[in-house]
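Shown below: upload.csv, with CSV, N, CA and C atoms.
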chain,number,residue,atom,x,y,z
I,196,MET,N,-11.8,25.0,6.6
I,196,MET,CA,-12.4,25.8,5.6
I,196,MET,C,-13.4,24.8,4.8
I,197,ASP,N,-14.6,25.3,4.6
I,197,ASP,CA,-15.5,24.4,3.9
I,197,ASP,C,-15.3,24.4,2.4
I,198,SER,N,-15.9,23.5,1.7
I,198,SER,CA,-15.6,23.3,0.3
I,198,SER,C,-16.1,24.5,-0.5
I,199,SER,N,-17.2,25.2,-0.2
I,199,SER,CA,-17.6,26.3,-1.0
I,199,SER,C,-16.6,27.5,-0.8
I,200,THR,N,-16.1,27.7,0.4
I,200,THR,CA,-15.1,28.7,0.6
I,200,THR,C,-13.8,28.4,-0.2
I,201,SER,N,-13.5,27.1,-0.1
I,201,SER,CA,-12.3,26.7,-0.9
I,201,SER,C,-12.4,26.9,-2.4
I,202,THR,N,-13.6,26.6,-2.9
I,202,THR,CA,-13.9,26.7,-4.3
I,202,THR,C,-13.8,28.2,-4.7
I,203,VAL,N,-14.4,29.1,-3.9
I,203,VAL,CA,-14.3,30.5,-4.2
I,203,VAL,C,-12.9,31.0,-4.1
I,204,THR,N,-12.2,30.6,-3.2
I,204,THR,CA,-10.8,31.0,-3.1
I,204,THR,C,-10.0,30.5,-4.3
I,205,GLN,N,-10.2,29.3,-4.7
I,205,GLN,CA,-9.5,28.8,-5.9
I,205,GLN,C,-9.9,29.6,-7.1
I,206,LEU,N,-11.2,29.9,-7.2
I,206,LEU,CA,-11.7,30.7,-8.4
I,206,LEU,C,-11.0,32.1,-8.4
I,207,TRP,N,-10.9,32.8,-7.3
I,207,TRP,CA,-10.3,34.0,-7.2
I,207,TRP,C,-8.8,33.9,-7.5
I,208,THR,N,-8.2,32.9,-7.1
I,208,THR,CA,-6.7,32.7,-7.4
I,208,THR,C,-6.5,32.5,-8.8
I,209,THR,N,-7.4,31.7,-9.5
I,209,THR,CA,-7.3,31.4,-10.9
I,209,THR,C,-7.5,32.7,-11.7
I,210,VAL,N,-8.5,33.5,-11.3
I,210,VAL,CA,-8.8,34.8,-12.0
I,210,VAL,C,-7.6,35.7,-11.9
I,211,ARG,N,-7.1,35.8,-10.6
I,211,ARG,CA,-6.0,36.7,-10.4
I,211,ARG,C,-4.8,36.3,-11.2
I,212,ASP,N,-4.5,35.0,-11.3
I,212,ASP,CA,-3.4,34.5,-12.1
I,212,ASP,C,-3.6,34.8,-13.6
I,213,GLU,N,-4.8,34.6,-14.0
I,213,GLU,CA,-5.0,34.8,-15.5
I,213,GLU,C,-4.9,36.3,-15.8
I,214,LEU,N,-5.4,37.2,-14.9
I,214,LEU,CA,-5.2,38.6,-15.2
I,214,LEU,C,-3.8,39.0,-15.2
I,215,ARG,N,-3.0,38.5,-14.2
I,215,ARG,CA,-1.6,38.8,-14.2
I,215,ARG,C,-0.9,38.3,-15.5
I,216,ASP,N,-1.2,37.1,-15.9
I,216,ASP,CA,-0.6,36.6,-17.1
I,216,ASP,C,-1.0,37.5,-18.4
I,217,ALA,N,-2.3,37.9,-18.4
I,217,ALA,CA,-2.7,38.7,-19.5
I,217,ALA,C,-2.0,40.1,-19.5
I,218,ARG,N,-1.8,40.6,-18.3
I,218,ARG,CA,-1.1,41.9,-18.2
I,218,ARG,C,0.3,41.8,-18.7
I,219,ALA,N,1.0,40.7,-18.3
I,219,ALA,CA,2.4,40.4,-18.7
I,219,ALA,C,2.5,40.2,-20.2
I,220,ALA,N,1.5,39.5,-20.8
I,220,ALA,CA,1.5,39.2,-22.2
I,220,ALA,C,1.3,40.5,-23.0
I,221,ARG,N,0.4,41.4,-22.5
I,221,ARG,CA,0.1,42.7,-23.1
I,221,ARG,C,1.4,43.6,-23.1
I,222,ALA,N,2.0,43.6,-21.9
I,222,ALA,CA,3.2,44.4,-21.8
I,222,ALA,C,4.3,43.9,-22.7
I,223,ALA,N,4.5,42.6,-22.8
I,223,ALA,CA,5.5,42.0,-23.7
I,223,ALA,C,5.2,42.4,-25.2
I,224,ARG,N,3.9,42.3,-25.5
I,224,ARG,CA,3.5,42.6,-26.9
I,224,ARG,C,3.7,44.1,-27.2
I,225,LYS,N,3.4,45.0,-26.3
I,225,LYS,CA,3.7,46.4,-26.4
I,225,LYS,C,5.2,46.7,-26.6
I,226,ALA,N,6.0,46.0,-25.8
I,226,ALA,CA,7.4,46.2,-25.9
I,226,ALA,C,7.9,45.8,-27.2
I,227,LEU,N,7.4,44.6,-27.7
I,227,LEU,CA,7.8,44.1,-29.0
I,227,LEU,C,7.4,45.1,-30.1
I,228,GLU,N,6.2,45.6,-30.0
I,228,GLU,CA,5.7,46.6,-31.0
I,228,GLU,C,6.6,47.9,-31.0
I,229,HIS,N,7.0,48.3,-29.8
I,229,HIS,CA,7.9,49.5,-29.7
I,229,HIS,C,9.2,49.2,-30.3
I,230,ASP,N,9.8,48.0,-30.1
I,230,ASP,CA,11.1,47.6,-30.6
I,230,ASP,C,11.0,47.6,-32.2
I,231,LEU,N,9.9,47.0,-32.7
I,231,LEU,CA,9.8,46.9,-34.1
I,231,LEU,C,9.5,48.2,-34.8
I,232,ALA,N,9.0,49.2,-34.1
I,232,ALA,CA,8.7,50.5,-34.7
I,232,ALA,C,9.9,51.2,-35.3
I,233,GLY,N,11.1,50.8,-34.9
I,233,GLY,CA,12.3,51.3,-35.4
I,233,GLY,C,12.7,50.8,-36.8
I,234,TYR,N,12.0,49.7,-37.2
I,234,TYR,CA,12.3,49.2,-38.6
I,234,TYR,C,11.3,49.8,-39.5
I,235,THR,N,11.8,50.9,-40.2
I,235,THR,CA,10.9,51.7,-41.0
I,235,THR,C,11.2,51.7,-42.5
I,236,SER,N,12.5,51.6,-42.8
I,236,SER,CA,12.9,51.6,-44.2
I,236,SER,C,12.7,50.2,-44.8
I,237,GLN,N,12.6,50.2,-46.1
I,237,GLN,CA,12.5,48.9,-46.8
I,237,GLN,C,13.7,48.0,-46.6
I,238,ALA,N,14.9,48.7,-46.5
I,238,ALA,CA,16.1,47.9,-46.3
I,238,ALA,C,16.0,47.2,-44.9
I,239,ASP,N,15.6,48.0,-43.9
I,239,ASP,CA,15.4,47.5,-42.5
I,239,ASP,C,14.5,46.3,-42.5
I,240,LEU,N,13.3,46.5,-43.2
I,240,LEU,CA,12.3,45.4,-43.2
I,240,LEU,C,12.8,44.2,-44.0
I,241,ASN,N,13.6,44.4,-45.1
I,241,ASN,CA,14.2,43.3,-45.8
I,241,ASN,C,15.2,42.5,-44.9
I,242,ASP,N,16.0,43.2,-44.2
I,242,ASP,CA,16.9,42.6,-43.2
I,242,ASP,C,16.2,41.8,-42.2
I,243,LEU,N,15.1,42.4,-41.6
I,243,LEU,CA,14.3,41.7,-40.6
I,243,LEU,C,13.7,40.5,-41.2
I,244,GLY,N,13.2,40.6,-42.4
I,244,GLY,CA,12.5,39.4,-43.1
I,244,GLY,C,13.5,38.3,-43.3
I,245,ALA,N,14.8,38.6,-43.6
I,245,ALA,CA,15.8,37.6,-43.8
I,245,ALA,C,16.1,36.9,-42.5
I,246,ILE,N,16.1,37.7,-41.4
I,246,ILE,CA,16.4,37.1,-40.1
I,246,ILE,C,15.2,36.2,-39.7
I,247,LEU,N,14.0,36.7,-39.9
I,247,LEU,CA,12.8,35.9,-39.5
I,247,LEU,C,12.8,34.6,-40.3
I,248,ASP,N,13.2,34.6,-41.6
I,248,ASP,CA,13.1,33.4,-42.4
I,248,ASP,C,14.0,32.3,-41.9
I,249,ARG,N,15.0,32.6,-41.1
I,249,ARG,CA,15.9,31.6,-40.5
I,249,ARG,C,15.3,30.9,-39.3
I,250,HIS,N,14.1,31.3,-38.9
I,250,HIS,CA,13.5,30.7,-37.7
I,250,HIS,C,12.1,30.2,-38.1
I,251,SER,N,11.6,29.4,-37.2
I,251,SER,CA,10.3,28.7,-37.5
I,251,SER,C,9.1,29.7,-37.4
I,252,ALA,N,8.0,29.3,-38.0
I,252,ALA,CA,6.8,30.1,-38.1
I,252,ALA,C,6.3,30.3,-36.6
I,253,ASP,N,6.4,29.3,-35.8
I,253,ASP,CA,6.0,29.5,-34.4
I,253,ASP,C,6.8,30.6,-33.7
I,254,GLU,N,8.1,30.6,-33.9
I,254,GLU,CA,9.0,31.5,-33.2
I,254,GLU,C,8.8,33.0,-33.7
I,255,THR,N,8.3,33.1,-35.0
I,255,THR,CA,8.3,34.5,-35.5
I,255,THR,C,6.8,35.0,-35.7
I,256,ALA,N,5.9,34.2,-35.3
I,256,ALA,CA,4.5,34.5,-35.6
I,256,ALA,C,4.1,35.9,-35.0
I,257,ASP,N,4.5,36.2,-33.8
I,257,ASP,CA,4.1,37.5,-33.2
I,257,ASP,C,4.7,38.6,-33.9
I,258,ILE,N,6.0,38.5,-34.3
I,258,ILE,CA,6.6,39.6,-35.1
I,258,ILE,C,6.0,39.8,-36.4
I,259,ARG,N,5.7,38.7,-37.1
I,259,ARG,CA,5.1,38.8,-38.4
I,259,ARG,C,3.7,39.4,-38.3
I,260,ARG,N,3.0,39.0,-37.3
I,260,ARG,CA,1.6,39.6,-37.1
I,260,ARG,C,1.7,41.1,-36.9
I,261,ILE,N,2.6,41.5,-36.1
I,261,ILE,CA,2.8,43.0,-35.8
I,261,ILE,C,3.2,43.7,-37.1
I,262,LEU,N,4.1,43.1,-37.8
I,262,LEU,CA,4.5,43.8,-39.1
I,262,LEU,C,3.4,43.8,-40.1
I,263,ALA,N,2.6,42.8,-40.2
I,263,ALA,CA,1.5,42.8,-41.1
I,263,ALA,C,0.4,43.8,-40.7
I,264,ALA,N,0.2,43.9,-39.4
I,264,ALA,CA,-0.8,44.9,-39.0
I,264,ALA,C,-0.3,46.3,-39.3
I,265,ARG,N,0.9,46.5,-39.1
I,265,ARG,CA,1.5,47.9,-39.4
I,265,ARG,C,1.4,48.2,-40.9
I,266,GLN,N,1.6,47.2,-41.7
I,266,GLN,CA,1.5,47.4,-43.2
I,266,GLN,C,0.1,47.8,-43.6
I,267,SER,N,-0.9,47.1,-43.0
I,267,SER,CA,-2.3,47.3,-43.4
I,267,SER,C,-2.8,48.6,-42.8
I,268,ALA,N,-2.2,49.2,-41.8
I,268,ALA,CA,-2.7,50.4,-41.2
I,268,ALA,C,-2.4,51.6,-42.0
Written as structure tokens, that's how I'd like the structure from this file.
Amino acid sequence: MDSSTSTVTQLWTTVRDELRDARAARAARKALEHDLAGYTSQADLNDLGAILDRHSADETADIRRILAARQSA
């Protein structure tokens, strides 16, 4: 296989892998949004906030981002 074919093959492999990763991340984000949709009352949100406060900002960033977007909507 010549180098230009190899480069094209590597490019397509990289693109395919990135698309697969993006689809998986989107599916995980949608599942998390679905799971968090059940937290509707203020008591539920307070309990969730207390749980989140026990973990690092990095660990809870996605959840906090989803909750903030839901509040602003």
Item to check | Contact residues around range 240-248 of chain I with only C-alpha atoms at 12 Å, ignoring same-chain residues under 5 positions, as a ChimeraX atom specification | outcome: /I:231-235,253-259,262-263,265-266
Next on the checklist: Rounded to one decimal, what separation in Å do you get between CA of Asp216 in chain I and atom N of Thr200 in chain I?
Outcome noted: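 About the pair CA of Asp216 in chain I and atom N of Thr200 in chain I: they are 25.0 Å apart.
CA of Asp230 in chain I lies 25.5 Å from CA of Glu213 in chain I.
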Item to check | alpha helix (DSSP H) residues, from DSSP on the backbone, in chain I, as a PyMOL selection string | outcome: chain I and resi 198-231+237-248+252-267
Checklist outcome for this item: Here CA of Leu227 in chain I and atom N of Arg260 in chain I stand apart by 10.9 Å
